[in-house]
Amino acid sequence: MNFVPTAIAVGVLIAIATGLLLARGIPRPWGPIWAIARAALQLGLLTLILGGIISDERWVAVALVVMFGAAVYTVSRRVARSRVEVAIVAGSLAVGLAVPLITVFVSGAIQFSGRYLLAVGGIIIGGTMSVATLAGRHFREALVSRQDEVEGWLALGATPRQSVRDLATRAVFGALIPTTDQTRTTGLVALPGSFVGAIFGGASVLQAGVFQLVVLTSILASGVITSMLLTTGFSGAVGLLGVRLSD
């Protein structure tokens with residue numbers, strides 16, 4: 001395989017993105033370069049590793065644990081300010097991942113195997129990680145912008161969860177917008193990676209479509225579960241960690 005055209009295309013695109021960020025004065029303009037470099041390294045390692053683990057469910061489980069840990073770390077860096085909140089992030093992501101995986105494989109919608117477990121699990125983790133980050137950030141931003149309102153409810157005798165119920169609701173709604181829009185426009189705006197990958201892997205168009213529908217539903221359900229659990233947990237943490245209101 002000739003990698004030169006790939007290197008040229010990637011180099012040109014990242015140069016365009018970085019140049020525009022520099023021209024506009026956007027903070028951390030070199031971020032995309034490091035992100036692409038890290039992605040290339042990780043994909044290279046993944047290619048080497050997958051060949052040895054994809055047929056062994058035990059190693060697939062280990063790989064999923066590593067992915068899950070990376071997702072918890074990534075989300076926590078963005079939204080958590082204490083060990084309690086890190087635990088909330090981890091618990092929310094764990095339940096959000098477990099429910100669709102159990103449903104999909106127990107129902108027989110997708111045949112259980114190491115290959116499918118790794119593929120579906122990895123996709124769900126990636127999609128849910130983004131939803132969790134958005135939910136946490138929306139919730140924290142609302143705590144700052146509407147701090148007086150929350151403190152007013154607390155002064156009137158409301159519980160911490162009651163005082164931030166509207167903030168949590170709006171945070172969940174806002175976090176789910178990208179996932180919902182992506183699901184609604186599947187096949188119209190873009191061809192999903194799972195669909196294309198299944199076809200390239202030898203599946204029929206119908207099989208690929210069914211697989212993609214299951215994946216989209218799993219991501220959406222996982223996002224709803226995770227974002228609701230995360231904001232509910234953070235709502236309780238407002239009482240445990242009241243100082244967070246002014247962070």
# chains A, B, ... in the order shown; residues from 1 in each chain; ligands from 1
call {"tool": "select_by_dssp", "arguments": {"residues": "stretch 61-216 of chain A", "states": "helix (DSSP H, G or I)", "output": "mmCIF file with N, CA and C atoms, in the first residue's frame"}}
result
data_model
loop_
_atom_site.group_PDB
_atom_site.id
_atom_site.type_symbol
_atom_site.label_atom_id
_atom_site.label_comp_id
_atom_site.auth_asym_id
_atom_site.auth_seq_id
_atom_site.Cartn_x
_atom_site.Cartn_y
_atom_site.Cartn_z
ATOM 1 N N ALA A 61 -12.306 -8.363 26.159
ATOM 2 C CA ALA A 61 -12.787 -7.755 27.397
ATOM 3 C C ALA A 61 -11.741 -6.801 27.975
ATOM 4 N N VAL A 62 -10.486 -7.221 27.927
ATOM 5 C CA VAL A 62 -9.405 -6.362 28.414
ATOM 6 C C VAL A 62 -9.332 -5.082 27.589
ATOM 7 N N ALA A 63 -9.451 -5.224 26.269
ATOM 8 C CA ALA A 63 -9.405 -4.055 25.397
ATOM 9 C C ALA A 63 -10.547 -3.093 25.702
ATOM 10 N N LEU A 64 -11.740 -3.637 25.954
ATOM 11 C CA LEU A 64 -12.888 -2.785 26.275
ATOM 12 C C LEU A 64 -12.689 -2.067 27.609
ATOM 13 N N VAL A 65 -12.072 -2.756 28.559
ATOM 14 C CA VAL A 65 -11.791 -2.123 29.851
ATOM 15 C C VAL A 65 -10.831 -0.953 29.668
ATOM 16 N N VAL A 66 -9.828 -1.148 28.819
ATOM 17 C CA VAL A 66 -8.869 -0.068 28.542
ATOM 18 C C VAL A 66 -9.588 1.106 27.871
ATOM 19 N N MET A 67 -10.448 0.810 26.883
ATOM 20 C CA MET A 67 -11.211 1.867 26.213
ATOM 21 C C MET A 67 -12.102 2.609 27.211
ATOM 22 N N PHE A 68 -12.758 1.834 28.062
ATOM 23 C CA PHE A 68 -13.641 2.432 29.057
ATOM 24 C C PHE A 68 -12.857 3.340 30.010
ATOM 25 N N GLY A 69 -11.702 2.858 30.461
ATOM 26 C CA GLY A 69 -10.872 3.662 31.349
ATOM 27 C C GLY A 69 -10.428 4.957 30.693
ATOM 28 N N ALA A 70 -10.069 4.874 29.411
ATOM 29 C CA ALA A 70 -9.669 6.082 28.683
ATOM 30 C C ALA A 70 -10.838 7.050 28.562
ATOM 31 N N ALA A 71 -12.043 6.518 28.348
ATOM 32 C CA ALA A 71 -13.230 7.370 28.242
ATOM 33 C C ALA A 71 -13.527 8.060 29.569
ATOM 34 N N VAL A 72 -13.438 7.312 30.667
ATOM 35 C CA VAL A 72 -13.670 7.901 31.992
ATOM 36 C C VAL A 72 -12.653 9.004 32.268
ATOM 37 N N TYR A 73 -11.403 8.736 31.937
ATOM 38 C CA TYR A 73 -10.346 9.740 32.145
ATOM 39 C C TYR A 73 -10.608 10.992 31.317
ATOM 40 N N THR A 74 -10.979 10.791 30.055
ATOM 41 C CA THR A 74 -11.202 11.929 29.164
ATOM 42 C C THR A 74 -12.365 12.793 29.633
ATOM 43 N N VAL A 75 -13.483 12.156 29.972
ATOM 44 C CA VAL A 75 -14.650 12.907 30.443
ATOM 45 C C VAL A 75 -14.346 13.589 31.771
ATOM 46 N N SER A 76 -13.687 12.876 32.670
ATOM 47 C CA SER A 76 -13.388 13.431 33.991
ATOM 48 C C SER A 76 -12.501 14.662 33.899
ATOM 49 N N ARG A 77 -11.561 14.650 32.973
ATOM 50 C CA ARG A 77 -10.697 15.815 32.789
ATOM 51 C C ARG A 77 -11.504 17.047 32.417
ATOM 52 N N ARG A 78 -12.608 16.837 31.722
ATOM 53 C CA ARG A 78 -13.417 17.954 31.242
ATOM 54 C C ARG A 78 -14.444 18.441 32.257
ATOM 55 N N VAL A 79 -14.997 17.522 33.041
ATOM 56 C CA VAL A 79 -16.162 17.909 33.844
ATOM 57 C C VAL A 79 -16.043 17.617 35.338
ATOM 58 N N ARG A 83 -13.041 13.472 43.459
ATOM 59 C CA ARG A 83 -13.100 12.012 43.329
ATOM 60 C C ARG A 83 -14.548 11.538 43.285
ATOM 61 N N VAL A 84 -15.419 12.226 44.004
ATOM 62 C CA VAL A 84 -16.833 11.864 43.980
ATOM 63 C C VAL A 84 -17.382 12.001 42.568
ATOM 64 N N GLU A 85 -17.031 13.087 41.908
ATOM 65 C CA GLU A 85 -17.531 13.327 40.563
ATOM 66 C C GLU A 85 -16.904 12.375 39.552
ATOM 67 N N VAL A 86 -15.653 11.992 39.753
ATOM 68 C CA VAL A 86 -15.033 10.984 38.885
ATOM 69 C C VAL A 86 -15.783 9.661 39.020
ATOM 70 N N ALA A 87 -16.148 9.316 40.246
ATOM 71 C CA ALA A 87 -16.909 8.085 40.472
ATOM 72 C C ALA A 87 -18.273 8.160 39.793
ATOM 73 N N ILE A 88 -18.887 9.333 39.809
ATOM 74 C CA ILE A 88 -20.176 9.518 39.144
ATOM 75 C C ILE A 88 -20.022 9.331 37.637
ATOM 76 N N VAL A 89 -18.965 9.893 37.087
ATOM 77 C CA VAL A 89 -18.694 9.739 35.655
ATOM 78 C C VAL A 89 -18.509 8.269 35.307
ATOM 79 N N ALA A 90 -17.691 7.571 36.081
ATOM 80 C CA ALA A 90 -17.412 6.155 35.809
ATOM 81 C C ALA A 90 -18.679 5.312 35.914
ATOM 82 N N GLY A 91 -19.463 5.535 36.957
ATOM 83 C CA GLY A 91 -20.687 4.763 37.136
ATOM 84 C C GLY A 91 -21.699 5.021 36.032
ATOM 85 N N SER A 92 -21.831 6.282 35.634
ATOM 86 C CA SER A 92 -22.784 6.641 34.581
ATOM 87 C C SER A 92 -22.394 6.001 33.252
ATOM 88 N N LEU A 93 -21.119 6.067 32.919
ATOM 89 C CA LEU A 93 -20.647 5.463 31.674
ATOM 90 C C LEU A 93 -20.783 3.945 31.710
ATOM 91 N N ALA A 94 -20.522 3.341 32.860
ATOM 92 C CA ALA A 94 -20.599 1.881 32.976
ATOM 93 C C ALA A 94 -22.020 1.384 32.730
ATOM 94 N N VAL A 95 -22.988 2.035 33.357
ATOM 95 C CA VAL A 95 -24.380 1.622 33.162
ATOM 96 C C VAL A 95 -24.828 1.915 31.729
ATOM 97 N N GLY A 96 -24.424 3.086 31.232
ATOM 98 C CA GLY A 96 -24.790 3.448 29.866
ATOM 99 C C GLY A 96 -24.239 2.487 28.830
ATOM 100 N N LEU A 97 -23.078 1.902 29.089
ATOM 101 C CA LEU A 97 -22.482 0.920 28.177
ATOM 102 C C LEU A 97 -23.105 -0.458 28.356
ATOM 103 N N ALA A 98 -23.328 -0.847 29.602
ATOM 104 C CA ALA A 98 -23.795 -2.202 29.891
ATOM 105 C C ALA A 98 -25.202 -2.473 29.362
ATOM 106 N N VAL A 99 -26.106 -1.527 29.528
ATOM 107 C CA VAL A 99 -27.510 -1.758 29.147
ATOM 108 C C VAL A 99 -27.662 -2.091 27.662
ATOM 109 N N PRO A 100 -27.131 -1.277 26.731
ATOM 110 C CA PRO A 100 -27.295 -1.639 25.320
ATOM 111 C C PRO A 100 -26.534 -2.891 24.915
ATOM 112 N N LEU A 101 -25.344 -3.117 25.475
ATOM 113 C CA LEU A 101 -24.585 -4.317 25.121
ATOM 114 C C LEU A 101 -25.341 -5.571 25.540
ATOM 115 N N ILE A 102 -25.844 -5.582 26.758
ATOM 116 C CA ILE A 102 -26.602 -6.747 27.231
ATOM 117 C C ILE A 102 -27.850 -6.945 26.380
ATOM 118 N N THR A 103 -28.543 -5.857 26.087
ATOM 119 C CA THR A 103 -29.774 -5.941 25.299
ATOM 120 C C THR A 103 -29.514 -6.489 23.905
ATOM 121 N N VAL A 104 -28.490 -5.965 23.259
ATOM 122 C CA VAL A 104 -28.188 -6.344 21.882
ATOM 123 C C VAL A 104 -27.789 -7.807 21.762
ATOM 124 N N PHE A 105 -26.920 -8.256 22.657
ATOM 125 C CA PHE A 105 -26.404 -9.619 22.534
ATOM 126 C C PHE A 105 -27.350 -10.664 23.126
ATOM 127 N N VAL A 106 -28.036 -10.328 24.205
ATOM 128 C CA VAL A 106 -28.984 -11.284 24.782
ATOM 129 C C VAL A 106 -30.184 -11.480 23.860
ATOM 130 N N SER A 107 -30.629 -10.403 23.208
ATOM 131 C CA SER A 107 -31.772 -10.502 22.296
ATOM 132 C C SER A 107 -31.419 -11.239 21.011
ATOM 133 N N GLY A 114 -16.223 -12.168 19.875
ATOM 134 C CA GLY A 114 -15.239 -11.165 20.233
ATOM 135 C C GLY A 114 -15.187 -10.029 19.232
ATOM 136 N N ARG A 115 -15.317 -10.360 17.969
ATOM 137 C CA ARG A 115 -15.245 -9.360 16.905
ATOM 138 C C ARG A 115 -16.359 -8.324 17.053
ATOM 139 N N TYR A 116 -17.595 -8.809 17.228
ATOM 140 C CA TYR A 116 -18.734 -7.892 17.328
ATOM 141 C C TYR A 116 -18.757 -7.172 18.675
ATOM 142 N N LEU A 117 -18.349 -7.848 19.734
ATOM 143 C CA LEU A 117 -18.311 -7.209 21.046
ATOM 144 C C LEU A 117 -17.361 -6.025 21.048
ATOM 145 N N LEU A 118 -16.202 -6.219 20.447
ATOM 146 C CA LEU A 118 -15.216 -5.139 20.391
ATOM 147 C C LEU A 118 -15.710 -3.996 19.517
ATOM 148 N N ALA A 119 -16.291 -4.346 18.361
ATOM 149 C CA ALA A 119 -16.759 -3.311 17.434
ATOM 150 C C ALA A 119 -17.894 -2.484 18.036
ATOM 151 N N VAL A 120 -18.932 -3.165 18.496
ATOM 152 C CA VAL A 120 -20.092 -2.456 19.042
ATOM 153 C C VAL A 120 -19.734 -1.740 20.337
ATOM 154 N N GLY A 121 -19.000 -2.419 21.209
ATOM 155 C CA GLY A 121 -18.609 -1.798 22.466
ATOM 156 C C GLY A 121 -17.770 -0.549 22.258
ATOM 157 N N GLY A 122 -16.804 -0.631 21.341
ATOM 158 C CA GLY A 122 -15.957 0.529 21.075
ATOM 159 C C GLY A 122 -16.734 1.698 20.509
ATOM 160 N N ILE A 123 -17.669 1.416 19.620
ATOM 161 C CA ILE A 123 -18.485 2.480 19.028
ATOM 162 C C ILE A 123 -19.356 3.145 20.087
ATOM 163 N N ILE A 124 -19.979 2.340 20.947
ATOM 164 C CA ILE A 124 -20.845 2.897 21.988
ATOM 165 C C ILE A 124 -20.038 3.741 22.965
ATOM 166 N N ILE A 125 -18.875 3.251 23.362
ATOM 167 C CA ILE A 125 -18.034 4.013 24.290
ATOM 168 C C ILE A 125 -17.668 5.366 23.692
ATOM 169 N N GLY A 126 -17.267 5.363 22.421
ATOM 170 C CA GLY A 126 -16.880 6.614 21.779
ATOM 171 C C GLY A 126 -18.028 7.605 21.699
ATOM 172 N N GLY A 127 -19.199 7.121 21.281
ATOM 173 C CA GLY A 127 -20.350 8.020 21.172
ATOM 174 C C GLY A 127 -20.825 8.524 22.516
ATOM 175 N N THR A 128 -20.855 7.648 23.513
ATOM 176 C CA THR A 128 -21.338 8.021 24.833
ATOM 177 C C THR A 128 -20.371 8.973 25.528
ATOM 178 N N MET A 129 -19.092 8.822 25.282
ATOM 179 C CA MET A 129 -18.099 9.708 25.879
ATOM 180 C C MET A 129 -18.386 11.160 25.507
ATOM 181 N N SER A 130 -18.714 11.396 24.245
ATOM 182 C CA SER A 130 -19.002 12.762 23.793
ATOM 183 C C SER A 130 -20.254 13.307 24.465
ATOM 184 N N VAL A 131 -21.289 12.467 24.574
ATOM 185 C CA VAL A 131 -22.534 12.903 25.220
ATOM 186 C C VAL A 131 -22.279 13.239 26.688
ATOM 187 N N ALA A 132 -21.514 12.399 27.371
ATOM 188 C CA ALA A 132 -21.220 12.633 28.788
ATOM 189 C C ALA A 132 -20.462 13.944 28.986
ATOM 190 N N THR A 133 -19.495 14.199 28.116
ATOM 191 C CA THR A 133 -18.728 15.445 28.218
ATOM 192 C C THR A 133 -19.631 16.654 28.021
ATOM 193 N N LEU A 134 -20.489 16.599 27.012
ATOM 194 C CA LEU A 134 -21.402 17.717 26.755
ATOM 195 C C LEU A 134 -22.365 17.928 27.914
ATOM 196 N N ALA A 135 -22.911 16.835 28.440
ATOM 197 C CA ALA A 135 -23.857 16.945 29.551
ATOM 198 C C ALA A 135 -23.188 17.577 30.771
ATOM 199 N N GLY A 136 -21.989 17.107 31.085
ATOM 200 C CA GLY A 136 -21.281 17.644 32.232
ATOM 201 C C GLY A 136 -20.915 19.108 32.065
ATOM 202 N N ARG A 137 -20.469 19.479 30.889
ATOM 203 C CA ARG A 137 -20.081 20.870 30.642
ATOM 204 C C ARG A 137 -21.305 21.785 30.642
ATOM 205 N N HIS A 138 -22.387 21.363 30.009
ATOM 206 C CA HIS A 138 -23.612 22.166 30.019
ATOM 207 C C HIS A 138 -24.101 22.379 31.449
ATOM 208 N N PHE A 139 -24.043 21.332 32.248
ATOM 209 C CA PHE A 139 -24.513 21.428 33.624
ATOM 210 C C PHE A 139 -23.649 22.395 34.426
ATOM 211 N N ARG A 140 -22.335 22.290 34.281
ATOM 212 C CA ARG A 140 -21.432 23.166 35.031
ATOM 213 C C ARG A 140 -21.585 24.622 34.591
ATOM 214 N N GLU A 141 -21.692 24.840 33.300
ATOM 215 C CA GLU A 141 -21.865 26.208 32.808
ATOM 216 C C GLU A 141 -23.164 26.823 33.323
ATOM 217 N N ALA A 142 -24.215 26.006 33.390
ATOM 218 C CA ALA A 142 -25.495 26.495 33.904
ATOM 219 C C ALA A 142 -25.398 26.817 35.392
ATOM 220 N N LEU A 143 -24.639 26.028 36.144
ATOM 221 C CA LEU A 143 -24.454 26.309 37.565
ATOM 222 C C LEU A 143 -23.820 27.679 37.782
ATOM 223 N N VAL A 144 -22.914 28.045 36.895
ATOM 224 C CA VAL A 144 -22.245 29.341 37.016
ATOM 225 C C VAL A 144 -23.172 30.473 36.578
ATOM 226 N N SER A 145 -23.802 30.317 35.412
ATOM 227 C CA SER A 145 -24.622 31.397 34.867
ATOM 228 C C SER A 145 -25.919 31.603 35.640
ATOM 229 N N GLN A 147 -26.317 30.745 39.035
ATOM 230 C CA GLN A 147 -25.979 30.477 40.427
ATOM 231 C C GLN A 147 -26.960 31.142 41.384
ATOM 232 N N ASP A 148 -27.337 32.390 41.102
ATOM 233 C CA ASP A 148 -28.254 33.098 41.995
ATOM 234 C C ASP A 148 -29.596 32.371 42.091
ATOM 235 N N GLU A 149 -30.059 31.851 40.958
ATOM 236 C CA GLU A 149 -31.327 31.128 40.946
ATOM 237 C C GLU A 149 -31.238 29.855 41.797
ATOM 238 N N VAL A 150 -30.148 29.128 41.642
ATOM 239 C CA VAL A 150 -29.976 27.887 42.409
ATOM 240 C C VAL A 150 -29.891 28.194 43.898
ATOM 241 N N GLU A 151 -29.116 29.199 44.259
ATOM 242 C CA GLU A 151 -28.984 29.555 45.673
ATOM 243 C C GLU A 151 -30.307 30.044 46.238
ATOM 244 N N GLY A 152 -31.121 30.706 45.391
ATOM 245 C CA GLY A 152 -32.438 31.149 45.828
ATOM 246 C C GLY A 152 -33.333 29.976 46.183
ATOM 247 N N TRP A 153 -33.325 28.937 45.319
ATOM 248 C CA TRP A 153 -34.109 27.736 45.598
ATOM 249 C C TRP A 153 -33.631 27.060 46.879
ATOM 250 N N LEU A 154 -32.314 26.992 47.069
ATOM 251 C CA LEU A 154 -31.773 26.376 48.272
ATOM 252 C C LEU A 154 -32.190 27.161 49.516
ATOM 253 N N ALA A 155 -32.187 28.490 49.403
ATOM 254 C CA ALA A 155 -32.581 29.332 50.532
ATOM 255 C C ALA A 155 -34.047 29.140 50.897
ATOM 256 N N PRO A 160 -30.903 20.010 47.065
ATOM 257 C CA PRO A 160 -29.961 20.296 45.969
ATOM 258 C C PRO A 160 -30.469 19.808 44.615
ATOM 259 N N ARG A 161 -31.040 18.597 44.558
ATOM 260 C CA ARG A 161 -31.532 18.075 43.285
ATOM 261 C C ARG A 161 -32.716 18.900 42.774
ATOM 262 N N GLN A 162 -33.595 19.325 43.670
ATOM 263 C CA GLN A 162 -34.722 20.147 43.249
ATOM 264 C C GLN A 162 -34.257 21.497 42.721
ATOM 265 N N SER A 163 -33.223 22.056 43.329
ATOM 266 C CA SER A 163 -32.756 23.388 42.947
ATOM 267 C C SER A 163 -32.090 23.412 41.575
ATOM 268 N N ARG A 165 -32.847 20.944 39.135
ATOM 269 C CA ARG A 165 -33.565 20.028 38.252
ATOM 270 C C ARG A 165 -33.659 20.579 36.831
ATOM 271 N N ASP A 166 -34.005 21.853 36.698
ATOM 272 C CA ASP A 166 -34.151 22.433 35.359
ATOM 273 C C ASP A 166 -32.810 22.492 34.648
ATOM 274 N N LEU A 167 -31.742 22.782 35.387
ATOM 275 C CA LEU A 167 -30.403 22.838 34.794
ATOM 276 C C LEU A 167 -29.999 21.468 34.269
ATOM 277 N N ALA A 168 -30.283 20.431 35.059
ATOM 278 C CA ALA A 168 -29.928 19.074 34.642
ATOM 279 C C ALA A 168 -30.727 18.654 33.416
ATOM 280 N N THR A 169 -32.013 19.005 33.402
ATOM 281 C CA THR A 169 -32.868 18.660 32.259
ATOM 282 C C THR A 169 -32.356 19.293 30.979
ATOM 283 N N ARG A 170 -32.025 20.562 31.064
ATOM 284 C CA ARG A 170 -31.527 21.273 29.879
ATOM 285 C C ARG A 170 -30.156 20.760 29.451
ATOM 286 N N ALA A 171 -29.347 20.349 30.423
ATOM 287 C CA ALA A 171 -28.024 19.813 30.101
ATOM 288 C C ALA A 171 -28.153 18.506 29.323
ATOM 289 N N VAL A 172 -29.067 17.641 29.741
ATOM 290 C CA VAL A 172 -29.295 16.378 29.037
ATOM 291 C C VAL A 172 -29.806 16.646 27.629
ATOM 292 N N PHE A 173 -30.778 17.553 27.519
ATOM 293 C CA PHE A 173 -31.343 17.886 26.214
ATOM 294 C C PHE A 173 -30.264 18.405 25.265
ATOM 295 N N GLY A 174 -29.441 19.336 25.748
ATOM 296 C CA GLY A 174 -28.392 19.905 24.904
ATOM 297 C C GLY A 174 -27.332 18.891 24.520
ATOM 298 N N ALA A 175 -27.000 17.991 25.446
ATOM 299 C CA ALA A 175 -25.966 16.994 25.171
ATOM 300 C C ALA A 175 -26.406 15.991 24.118
ATOM 301 N N LEU A 176 -27.702 15.740 24.029
ATOM 302 C CA LEU A 176 -28.208 14.728 23.105
ATOM 303 C C LEU A 176 -28.479 15.268 21.696
ATOM 304 N N ILE A 177 -28.422 16.571 21.527
ATOM 305 C CA ILE A 177 -28.730 17.161 20.217
ATOM 306 C C ILE A 177 -27.841 16.615 19.098
ATOM 307 N N PRO A 178 -26.490 16.590 19.258
ATOM 308 C CA PRO A 178 -25.660 16.063 18.162
ATOM 309 C C PRO A 178 -25.963 14.610 17.822
ATOM 310 N N THR A 179 -26.141 13.780 18.855
ATOM 311 C CA THR A 179 -26.424 12.361 18.613
ATOM 312 C C THR A 179 -27.779 12.179 17.947
ATOM 313 N N THR A 180 -28.773 12.922 18.418
ATOM 314 C CA THR A 180 -30.108 12.827 17.829
ATOM 315 C C THR A 180 -30.103 13.279 16.375
ATOM 316 N N ASP A 181 -29.419 14.397 16.102
ATOM 317 C CA ASP A 181 -29.349 14.903 14.728
ATOM 318 C C ASP A 181 -28.620 13.924 13.818
ATOM 319 N N GLN A 182 -27.546 13.331 14.326
ATOM 320 C CA GLN A 182 -26.797 12.358 13.528
ATOM 321 C C GLN A 182 -27.665 11.146 13.206
ATOM 322 N N THR A 183 -28.452 10.716 14.185
ATOM 323 C CA THR A 183 -29.333 9.569 13.975
ATOM 324 C C THR A 183 -30.426 9.897 12.962
ATOM 325 N N ARG A 184 -31.009 11.077 13.090
ATOM 326 C CA ARG A 184 -32.100 11.478 12.200
ATOM 327 C C ARG A 184 -31.641 11.632 10.755
ATOM 328 N N GLY A 193 -19.941 5.220 9.486
ATOM 329 C CA GLY A 193 -18.773 4.352 9.378
ATOM 330 C C GLY A 193 -19.102 2.885 9.571
ATOM 331 N N SER A 194 -20.017 2.588 10.500
ATOM 332 C CA SER A 194 -20.375 1.188 10.747
ATOM 333 C C SER A 194 -21.018 0.567 9.516
ATOM 334 N N PHE A 195 -21.846 1.335 8.836
ATOM 335 C CA PHE A 195 -22.531 0.859 7.639
ATOM 336 C C PHE A 195 -21.532 0.558 6.528
ATOM 337 N N VAL A 196 -20.668 1.517 6.273
ATOM 338 C CA VAL A 196 -19.653 1.349 5.228
ATOM 339 C C VAL A 196 -18.697 0.215 5.574
ATOM 340 N N GLY A 197 -18.277 0.157 6.848
ATOM 341 C CA GLY A 197 -17.359 -0.886 7.262
ATOM 342 C C GLY A 197 -17.945 -2.275 7.121
ATOM 343 N N ALA A 198 -19.242 -2.400 7.442
ATOM 344 C CA ALA A 198 -19.890 -3.707 7.318
ATOM 345 C C ALA A 198 -19.939 -4.152 5.861
ATOM 346 N N ILE A 199 -20.212 -3.210 4.958
ATOM 347 C CA ILE A 199 -20.251 -3.537 3.522
ATOM 348 C C ILE A 199 -18.864 -3.955 3.042
ATOM 349 N N PHE A 200 -17.847 -3.183 3.431
ATOM 350 C CA PHE A 200 -16.480 -3.519 3.041
ATOM 351 C C PHE A 200 -16.057 -4.858 3.632
ATOM 352 N N VAL A 205 -25.991 -5.180 1.728
ATOM 353 C CA VAL A 205 -26.470 -3.839 2.063
ATOM 354 C C VAL A 205 -27.541 -3.909 3.151
ATOM 355 N N LEU A 206 -28.417 -4.912 3.065
ATOM 356 C CA LEU A 206 -29.468 -5.069 4.070
ATOM 357 C C LEU A 206 -28.881 -5.384 5.434
ATOM 358 N N GLN A 207 -27.920 -6.302 5.478
ATOM 359 C CA GLN A 207 -27.285 -6.651 6.752
ATOM 360 C C GLN A 207 -26.550 -5.450 7.344
ATOM 361 N N ALA A 208 -25.882 -4.689 6.480
ATOM 362 C CA ALA A 208 -25.173 -3.507 6.949
ATOM 363 C C ALA A 208 -26.144 -2.482 7.519
ATOM 364 N N GLY A 209 -27.288 -2.317 6.860
ATOM 365 C CA GLY A 209 -28.290 -1.377 7.329
ATOM 366 C C GLY A 209 -28.855 -1.771 8.679
ATOM 367 N N VAL A 210 -29.140 -3.057 8.857
ATOM 368 C CA VAL A 210 -29.661 -3.546 10.132
ATOM 369 C C VAL A 210 -28.624 -3.362 11.237
ATOM 370 N N PHE A 211 -27.374 -3.680 10.923
ATOM 371 C CA PHE A 211 -26.297 -3.514 11.901
ATOM 372 C C PHE A 211 -26.167 -2.057 12.317
ATOM 373 N N GLN A 212 -26.230 -1.167 11.339
ATOM 374 C CA GLN A 212 -26.103 0.254 11.648
ATOM 375 C C GLN A 212 -27.269 0.747 12.500
ATOM 376 N N LEU A 213 -28.474 0.253 12.222
ATOM 377 C CA LEU A 213 -29.636 0.658 13.008
ATOM 378 C C LEU A 213 -29.472 0.239 14.469
ATOM 379 N N VAL A 214 -28.977 -0.968 14.682
ATOM 380 C CA VAL A 214 -28.746 -1.443 16.048
ATOM 381 C C VAL A 214 -27.694 -0.576 16.739
ATOM 382 N N VAL A 215 -26.642 -0.236 16.016
ATOM 383 C CA VAL A 215 -25.568 0.584 16.592
ATOM 384 C C VAL A 215 -26.082 1.976 16.948
ATOM 385 N N LEU A 216 -26.828 2.597 16.041
ATOM 386 C CA LEU A 216 -27.360 3.934 16.304
ATOM 387 C C LEU A 216 -28.290 3.937 17.510
#
call {"tool": "residues_around", "arguments": {"residues": "stretch 27-37 of chain A", "least_positions_apart": "3", "cutoff": "12 Å", "atoms": "only C-alpha atoms", "output": "list in words"}}
result
Ala7, Val10, Gly11, Val12, Leu13, Ile14, Ala15, Ile16, Ala17, Thr18, Gly19, Leu20, Leu21, Leu22, Ala23, Arg24, Ala40, Leu41, Gln42, Leu43 and Gly44 of chain A
call {"tool": "write_last_selection", "arguments": {"atoms": "N, CA and C atoms", "output": "tab-separated table (two decimals), in the first residue's frame"}}
result
chain	number	residue	atom	x	y	z
A	7	ALA	N	-0.35	10.53	3.34
A	7	ALA	CA	0.42	11.51	4.10
A	7	ALA	C	0.23	12.91	3.54
A	10	VAL	N	-3.43	14.12	4.46
A	10	VAL	CA	-3.52	14.44	5.88
A	10	VAL	C	-2.75	15.72	6.19
A	11	GLY	N	-1.54	15.84	5.61
A	11	GLY	CA	-0.73	17.03	5.85
A	11	GLY	C	-1.39	18.30	5.37
A	12	VAL	N	-1.98	18.26	4.17
A	12	VAL	CA	-2.65	19.44	3.62
A	12	VAL	C	-3.85	19.83	4.47
A	13	LEU	N	-4.66	18.85	4.84
A	13	LEU	CA	-5.88	19.14	5.61
A	13	LEU	C	-5.56	19.70	6.99
A	14	ILE	N	-4.58	19.12	7.66
A	14	ILE	CA	-4.22	19.61	8.99
A	14	ILE	C	-3.57	20.98	8.90
A	15	ALA	N	-2.84	21.24	7.81
A	15	ALA	CA	-2.25	22.56	7.62
A	15	ALA	C	-3.33	23.61	7.42
A	16	ILE	N	-4.36	23.27	6.67
A	16	ILE	CA	-5.48	24.19	6.46
A	16	ILE	C	-6.17	24.51	7.78
A	17	ALA	N	-6.47	23.45	8.55
A	17	ALA	CA	-7.16	23.64	9.83
A	17	ALA	C	-6.33	24.49	10.79
A	18	THR	N	-5.04	24.18	10.90
A	18	THR	CA	-4.17	24.91	11.82
A	18	THR	C	-3.98	26.35	11.35
A	19	GLY	N	-3.82	26.54	10.06
A	19	GLY	CA	-3.66	27.89	9.53
A	19	GLY	C	-4.86	28.78	9.82
A	20	LEU	N	-6.05	28.23	9.66
A	20	LEU	CA	-7.27	29.01	9.93
A	20	LEU	C	-7.39	29.35	11.41
A	21	LEU	N	-7.04	28.39	12.26
A	21	LEU	CA	-7.09	28.66	13.70
A	21	LEU	C	-6.10	29.75	14.10
A	22	LEU	N	-4.91	29.70	13.53
A	22	LEU	CA	-3.90	30.73	13.81
A	22	LEU	C	-4.36	32.09	13.30
A	23	ALA	N	-4.91	32.12	12.10
A	23	ALA	CA	-5.35	33.38	11.51
A	23	ALA	C	-6.46	34.03	12.33
A	24	ARG	N	-7.32	33.22	12.91
A	24	ARG	CA	-8.45	33.75	13.68
A	24	ARG	C	-8.10	33.98	15.14
A	40	ALA	N	-2.95	8.85	14.90
A	40	ALA	CA	-2.17	8.01	14.00
A	40	ALA	C	-1.38	6.96	14.78
A	41	LEU	N	-0.76	7.39	15.88
A	41	LEU	CA	0.01	6.47	16.71
A	41	LEU	C	-0.89	5.39	17.31
A	42	GLN	N	-2.04	5.83	17.84
A	42	GLN	CA	-2.95	4.89	18.48
A	42	GLN	C	-3.55	3.91	17.49
A	43	LEU	N	-3.89	4.40	16.29
A	43	LEU	CA	-4.43	3.51	15.26
A	43	LEU	C	-3.38	2.49	14.80
A	44	GLY	N	-2.13	2.95	14.73
A	44	GLY	CA	-1.06	2.03	14.36
A	44	GLY	C	-0.90	0.92	15.38
call {"tool": "closest_residue", "arguments": {"among": "A:Val164, A:Phe112, A:Val60, A:Thr47", "to": "A:Phe234", "atoms": "only C-alpha atoms"}}
result
A:Val164
